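Undergrad: Pasting a structure below so you can have a look.
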Amino acid sequence: MPGDTSVSFLSAVHDFWRARRQAGMEEVMARLTGKSADLLSYEEVRKKLKVGPGGVRTLKDIPLDAIVGSVGRYHDFTRSFLPRLDHADRWARVKLAVTSMAGLPPIEVYQIGETYFVRDGHHRVSVARDLEATHIQAYVTEVPSRVVLSPDAEADELILKGEYAGFLQATHFDELRPEADLSVTVPGQYPLIEEHIGVHRYFMGLEQQREIPYEEAVAHWYDTVYLPVVQVIRERTILREFPGRTEADLYLWLAEHRAQLEAELGWQIRPEAAATDLVTRFSRNLQRVVARVREKVLDVVTPDELEAGPGPGQWRRERFEARHRQRLFSDILVAVNGEEAGWQALEQALEVARREGARLHGLHVLPSEVQAQSEEALALQAEFSRRCQTAGVSGRLALEVGKVPRKICERAAWTDLVVLSLTYPPAPQLMARLGSGLRTVILRCSRPLLVVPTSASSLSRALLAYDGSPKADEALFVATYVAGSWAIPLVVVTVKDTKGTKDGEGDRATGQTLARAREYLESHGVQATCVVESGPVAEAVLRTADEHQSDLIIMGGYGSSPVLEVVLGSAVDQVLRASRRPMLICR
């Protein structure tokens, strides 16, 4: 340590009172910042971390900044070992001894993790820090601990470390998965994790028809429950949205949020869907806060019938975030109303669910809570479950109260595909189009929409109507998946634009559009029959479907703004009015 043999006793006393004033300032700053200025109590730490007796005693130099606590005298000094009590005489004599040729013996400390607790030599530490030393010689007795205590540990962190130590003692998690980190930032979380493990162990026992050893359940829970959720958190970089939190924090928060959503919706929710909603609702990221405010304002000032919904490609981007999922339509929403058309929509949804190994999420929207509790509504739920069970598909019908288009669009966010019956296609008259519920769903729905006419289709031959627009590109993406994954033939039709073009320009534009679609399909290993047609778009699409016996039409949604689409009409509406085939409308 640096020293000055000429230091006088009076000078040392003066230094003490300077240090004493600094101690007062440190306590004031601690109150302002919310950080503790207290040393940690060794006995409290030892009990909380459930550590045993010390081990071997060795002599070595230790960093002064790593001394964070005391055995019995933690009230006498601040966290940086500034004196709190008026022991000027003793402090000054220690400083004289330290700066003289005589010196003082090493201090005595206990070591827990990366931290040290003074057993003997508190004034020596205080003087050494006053002299701006970085290390001090100490007899160190190491106390083994299952958790690492860092030098910047605060009282709250000590509580967390104590809870973690108890968790490790109960589960032996550090021995079963030594590479894992289940640290949290909020007290009271480890009992919740133990509860998750207990529930997992119970269901493991039911499934395997045997008593599951606790440590086996701990390891199995970590591998099959915790890690898949953490993988979602990592893939979507959710930690960036919640600075200062840990993966274990978000696992528990996500589990709670998912359980609340499932209770509210009456459906099972995928972890990645719950994660997306968690970020959307609660992230403090400025862009997301602004987006939430903007969405609320637009929802208030814009009628549902004129709201454009998400932009093209948003759903596809969300799908790419879930890279570990191989199926495109893992969760399917189907709206039923108890009429034959609704049951046909269910039959079509069951056909898709069998191919995709998907879950069905039924939705029946009612005008009042009284009707939602009626015998008719409960009978509809039972019939839905019966049909799903007969088809060998997991499905559950939820009852909602409100406007049908709005409820469908709200719940679509939790699924990958929406299936509706084509009971009332948008009429050709302007005001009728404006009041069409199906048109509102097509505009606002964030997911592909499978519209089913009079009867369900076997979905054995698909036709893609492609014009190169952004929404047509989304339809191309879906058609490529359907043709490849379901192993069904695909026809691509492009309708030549003959209005307002010079001779040959329409042919060139059509050829380029079709070549683009063919190149995309071939790059994904899908072969298709490509057709160029002319004339009104809807007529050309339906004519091509007839010629190739296609029983599924895939196309993009409305291309214009909602207002222009209402005024001018749409080829989508024309196909809906005339087609007897299911239409898969993409956005």
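Ligands are numbered from 1 in the order shown, chains are lettered A, B, ... in the order of the structure tokens, and residues start at 1 in each chain.
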Counting only C-alpha atoms, what is within 12 Å of Ser145 in chain A, bar same-chain residues fewer than 4 positions away, as number ranges by chain?

TA: A: 45-55, 110-115, 149, 161-162, 164-166, 168-169, 174

Undergrad: Residues near Thr510 in chain A, anyone? I mean within 8 Å using only C-alpha atoms, not counting same-chain ones fewer than 5 positions away, as a list of chain:residue names.

TA: A:Thr494, A:Val495, A:Lys496, A:Asp497, A:Val532

Undergrad: Would you return as a PyMOL selection string the members of range 384-477 of chain A that DSSP assigns to strand (DSSP E or B) on this structure's backbone?

TA: chain A and resi 395-401+417-421+449-452+462-465

Undergrad: Write the residues you've just listed into a file as a CSV table (one decimal), in the first residue's frame, and include N, CA and C atoms for each of them.

TA:
chain,number,residue,atom,x,y,z
A,395,GLY,N,-59.8,-29.5,-31.2
A,395,GLY,CA,-60.6,-28.3,-31.4
A,395,GLY,C,-61.4,-27.8,-30.3
A,396,ARG,N,-61.6,-26.5,-30.1
A,396,ARG,CA,-62.4,-26.0,-29.1
A,396,ARG,C,-63.2,-24.8,-29.5
A,397,LEU,N,-64.4,-24.6,-29.2
A,397,LEU,CA,-65.2,-23.5,-29.6
A,397,LEU,C,-65.3,-22.5,-28.5
A,398,ALA,N,-65.0,-21.2,-28.8
A,398,ALA,CA,-65.1,-20.1,-27.9
A,398,ALA,C,-66.4,-19.3,-28.2
A,399,LEU,N,-67.1,-18.8,-27.2
A,399,LEU,CA,-68.2,-18.0,-27.4
A,399,LEU,C,-67.8,-16.5,-27.0
A,400,GLU,N,-68.2,-15.6,-28.0
A,400,GLU,CA,-67.8,-14.2,-27.8
A,400,GLU,C,-69.1,-13.4,-28.0
A,401,VAL,N,-69.0,-12.2,-27.4
A,401,VAL,CA,-70.1,-11.2,-27.5
A,401,VAL,C,-69.5,-10.0,-28.2
A,417,LEU,N,-54.6,-19.0,-39.9
A,417,LEU,CA,-55.6,-19.1,-41.1
A,417,LEU,C,-57.0,-18.9,-40.5
A,418,VAL,N,-57.8,-18.1,-41.2
A,418,VAL,CA,-59.2,-17.9,-40.8
A,418,VAL,C,-60.1,-18.6,-41.9
A,419,VAL,N,-61.1,-19.4,-41.4
A,419,VAL,CA,-62.0,-20.1,-42.3
A,419,VAL,C,-63.4,-19.5,-42.1
A,420,LEU,N,-64.1,-19.0,-43.1
A,420,LEU,CA,-65.4,-18.5,-43.0
A,420,LEU,C,-66.3,-19.1,-44.1
A,421,SER,N,-67.6,-19.1,-43.8
A,421,SER,CA,-68.6,-19.5,-44.8
A,421,SER,C,-68.9,-18.3,-45.7
A,449,LEU,N,-57.3,-15.8,-45.4
A,449,LEU,CA,-58.7,-16.0,-45.2
A,449,LEU,C,-59.2,-17.0,-46.2
A,450,LEU,N,-59.7,-18.2,-45.7
A,450,LEU,CA,-60.3,-19.2,-46.6
A,450,LEU,C,-61.8,-19.1,-46.6
A,451,VAL,N,-62.4,-18.7,-47.7
A,451,VAL,CA,-63.8,-18.4,-47.7
A,451,VAL,C,-64.5,-19.6,-48.5
A,452,VAL,N,-65.4,-20.3,-47.8
A,452,VAL,CA,-66.0,-21.5,-48.3
A,452,VAL,C,-67.4,-21.3,-48.7
A,462,ALA,N,-55.1,-26.6,-57.1
A,462,ALA,CA,-55.1,-25.2,-56.8
A,462,ALA,C,-54.8,-24.3,-58.0
A,463,LEU,N,-55.4,-23.1,-58.0
A,463,LEU,CA,-55.2,-22.1,-59.0
A,463,LEU,C,-54.8,-20.8,-58.3
A,464,LEU,N,-53.7,-20.2,-58.8
A,464,LEU,CA,-53.2,-18.9,-58.2
A,464,LEU,C,-53.5,-17.8,-59.2
A,465,ALA,N,-54.2,-16.8,-58.9
A,465,ALA,CA,-54.4,-15.6,-59.7
A,465,ALA,C,-53.3,-14.6,-59.3

Undergrad: For Val140 in chain A, which of A:Ala275, A:Cys445, A:Val118, A:Val334 is the closest residue, counting only C-alpha atoms?

TA: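 Nearest candidate to Val140 in chain A out of A:Ala275, A:Cys445, A:Val118, A:Val334: A:Val118.
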
Undergrad: May I have all residues of range 45-195 of chain A that DSSP, computed from the backbone, assigns to helix (DSSP H, G or I), given as a PyMOL selection string?

TA: chain A and resi 45-49+64-66+88-99+122-130+155-171+173-176+190-195

Undergrad: Rounded to one decimal, what separation in Å do you get between CA of Ile67 in chain A and CA of Thr141 in chain A?

TA: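 The value is 13.4 Å.
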
Undergrad: So that I can check the surroundings of Phe203 in chain A, please list as a ChimeraX atom specification every protein, DNA and RNA residue that reaches within 10 Å of it, counting only C-alpha atoms and ignoring chain neighbours fewer than 5 positions away.

TA: /A:198,208-209,212,217

Undergrad: When you draw a straight line from CA of Leu459 in chain A to CA of Gly357 in chain A, how long is it in Å?

TA: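 CA of Gly357 in chain A lies at a distance of 15.8 Å from CA of Leu459 in chain A.
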
Undergrad: Quick one: of A:Trp486, A:Tyr466, A:Tyr481, A:Tyr74, who's nearest to Ala540 in chain A, counting only C-alpha atoms?

TA: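 Ranked by minimum distance to Ala540 in chain A, first place goes to A:Tyr466.
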
Undergrad: A:Glu356, A:Asp551, A:Asp76, A:Asp120: which is nearest Phe329 in chain A, counting only C-alpha atoms?

TA: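 Using only C-alpha atoms, Phe329 in chain A sits closest to A:Glu356.
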
Undergrad: Using only C-alpha atoms, determine which residues lie at most 6 Å from Val184 in chain A, disregarding the query and same-chain residues fewer than 3 positions distant; provide the list as a PyMOL selection string.

TA: chain A and resi 246+248-249

Undergrad: Take the residues just selected and output them with N, CA and C atoms as a tab-separated table (two decimals), in the first residue's frame.

TA:
chain	number	residue	atom	x	y	z
A	246	THR	N	-34.12	-10.92	-17.13
A	246	THR	CA	-33.40	-12.12	-17.51
A	246	THR	C	-34.32	-13.06	-18.28
A	248	ALA	N	-35.10	-16.06	-17.43
A	248	ALA	CA	-36.01	-16.70	-16.48
A	248	ALA	C	-37.16	-15.76	-16.10
A	249	ASP	N	-36.87	-14.46	-15.97
A	249	ASP	CA	-37.93	-13.48	-15.73
A	249	ASP	C	-38.99	-13.57	-16.83

Undergrad: If you measure from CA of Val492 in chain A to CA of Ala528 in chain A, what distance in Å do you get, rounded to one decimal?

TA: 6.7 Å

Undergrad: Find the residues near Glu347 in chain A: any atom within 9 Å, counting only C-alpha atoms, skip ones fewer than 2 places away on the same chain, and give them as a short mmCIF file (atom, residue, chain, number, x, y, z; two decimals) with N, CA and C atoms, in the first residue's frame.

TA:
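So the final result, stored in out31.cif, reads:
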data_model
loop_
_atom_site.label_atom_id
_atom_site.label_comp_id
_atom_site.auth_asym_id
_atom_site.auth_seq_id
_atom_site.Cartn_x
_atom_site.Cartn_y
_atom_site.Cartn_z
N GLY A 342 -72.19 -22.68 -41.81
CA GLY A 342 -71.12 -22.67 -40.82
C GLY A 342 -70.50 -24.04 -40.62
N TRP A 343 -71.32 -25.08 -40.64
CA TRP A 343 -70.78 -26.44 -40.50
C TRP A 343 -69.95 -26.82 -41.72
N GLN A 344 -70.31 -26.31 -42.91
CA GLN A 344 -69.48 -26.57 -44.09
C GLN A 344 -68.11 -25.90 -43.95
N ALA A 345 -68.11 -24.71 -43.36
CA ALA A 345 -66.83 -24.06 -43.10
C ALA A 345 -65.99 -24.89 -42.14
N ALA A 349 -62.33 -26.52 -42.71
CA ALA A 349 -61.25 -26.30 -41.75
C ALA A 349 -60.67 -27.62 -41.26
N LEU A 350 -61.53 -28.62 -41.05
CA LEU A 350 -61.06 -29.94 -40.62
C LEU A 350 -60.17 -30.56 -41.68
N GLU A 351 -60.52 -30.37 -42.95
CA GLU A 351 -59.70 -30.91 -44.04
C GLU A 351 -58.29 -30.30 -44.01
N VAL A 352 -58.23 -28.98 -43.83
CA VAL A 352 -56.92 -28.32 -43.76
C VAL A 352 -56.18 -28.76 -42.50
N ARG A 387 -67.71 -33.02 -33.54
CA ARG A 387 -67.26 -33.11 -34.93
C ARG A 387 -65.73 -33.13 -35.02
N SER A 455 -70.33 -25.81 -50.24
CA SER A 455 -69.86 -27.08 -49.68
C SER A 455 -68.34 -27.09 -49.64
N ALA A 456 -67.81 -27.95 -48.78
CA ALA A 456 -66.36 -28.05 -48.62
C ALA A 456 -65.74 -28.73 -49.83
N SER A 457 -64.47 -28.42 -50.07
CA SER A 457 -63.74 -28.97 -51.21
C SER A 457 -62.69 -29.95 -50.72
#

Undergrad: Skip His196 in chain A itself and residues of its chain fewer than 3 positions away, then list as a list in words all residues within 12 Å of it, counting only C-alpha atoms.

TA: Gln189, Tyr190, Pro191, Leu192, Ile193, Val199, His200, Arg201, Tyr202, Phe203, Ala217, Val218, His220, Trp221, Tyr222, Val225, Tyr226, Tyr251, Leu252, Ala255 and Glu256 of chain A

Undergrad: For the selection just defined, write its residues with N, CA and C atoms to a file, as a tab-separated table (two decimals), in the first residue's frame.

TA:
chain	number	residue	atom	x	y	z
A	189	GLN	N	-39.90	-15.49	-7.17
A	189	GLN	CA	-40.10	-16.21	-8.42
A	189	GLN	C	-39.76	-17.69	-8.34
A	190	TYR	N	-38.82	-18.06	-7.49
A	190	TYR	CA	-38.38	-19.46	-7.46
A	190	TYR	C	-39.46	-20.42	-6.96
A	191	PRO	N	-40.30	-20.03	-6.01
A	191	PRO	CA	-41.42	-20.92	-5.69
A	191	PRO	C	-42.34	-21.18	-6.89
A	192	LEU	N	-42.47	-20.18	-7.78
A	192	LEU	CA	-43.27	-20.37	-8.99
A	192	LEU	C	-42.62	-21.39	-9.92
A	193	ILE	N	-41.29	-21.30	-10.05
A	193	ILE	CA	-40.59	-22.27	-10.90
A	193	ILE	C	-40.72	-23.68	-10.32
A	199	VAL	N	-45.93	-29.42	-11.32
A	199	VAL	CA	-47.02	-29.73	-12.26
A	199	VAL	C	-46.51	-30.60	-13.39
A	200	HIS	N	-45.33	-30.27	-13.89
A	200	HIS	CA	-44.75	-31.07	-14.98
A	200	HIS	C	-44.50	-32.50	-14.52
A	201	ARG	N	-44.02	-32.65	-13.31
A	201	ARG	CA	-43.76	-33.99	-12.78
A	201	ARG	C	-45.06	-34.79	-12.67
A	202	TYR	N	-46.13	-34.12	-12.24
A	202	TYR	CA	-47.43	-34.79	-12.10
A	202	TYR	C	-47.90	-35.34	-13.45
A	203	PHE	N	-47.83	-34.51	-14.49
A	203	PHE	CA	-48.31	-34.95	-15.80
A	203	PHE	C	-47.35	-35.97	-16.44
A	217	ALA	N	-37.66	-35.16	-13.12
A	217	ALA	CA	-38.66	-34.18	-13.53
A	217	ALA	C	-38.03	-32.81	-13.73
A	218	VAL	N	-37.09	-32.45	-12.86
A	218	VAL	CA	-36.42	-31.15	-12.98
A	218	VAL	C	-35.70	-31.05	-14.31
A	220	HIS	N	-36.16	-32.88	-17.04
A	220	HIS	CA	-37.10	-33.00	-18.16
A	220	HIS	C	-37.86	-31.68	-18.35
A	221	TRP	N	-38.25	-31.04	-17.27
A	221	TRP	CA	-38.91	-29.73	-17.36
A	221	TRP	C	-38.01	-28.72	-18.05
A	222	TYR	N	-36.76	-28.68	-17.66
A	222	TYR	CA	-35.83	-27.72	-18.24
A	222	TYR	C	-35.67	-27.97	-19.74
A	225	VAL	N	-39.74	-27.97	-21.48
A	225	VAL	CA	-40.69	-26.88	-21.23
A	225	VAL	C	-39.97	-25.53	-21.23
A	226	TYR	N	-38.95	-25.41	-20.40
A	226	TYR	CA	-38.28	-24.12	-20.25
A	226	TYR	C	-37.48	-23.73	-21.50
A	251	TYR	N	-39.49	-15.95	-19.03
A	251	TYR	CA	-40.18	-17.25	-19.06
A	251	TYR	C	-41.41	-17.23	-18.14
A	252	LEU	N	-41.22	-16.74	-16.92
A	252	LEU	CA	-42.33	-16.71	-15.96
A	252	LEU	C	-43.39	-15.70	-16.38
A	255	ALA	N	-45.27	-17.18	-19.24
A	255	ALA	CA	-46.17	-18.26	-18.80
A	255	ALA	C	-47.44	-17.69	-18.18
A	256	GLU	N	-47.28	-16.65	-17.36
A	256	GLU	CA	-48.44	-16.02	-16.74
A	256	GLU	C	-49.32	-15.34	-17.79
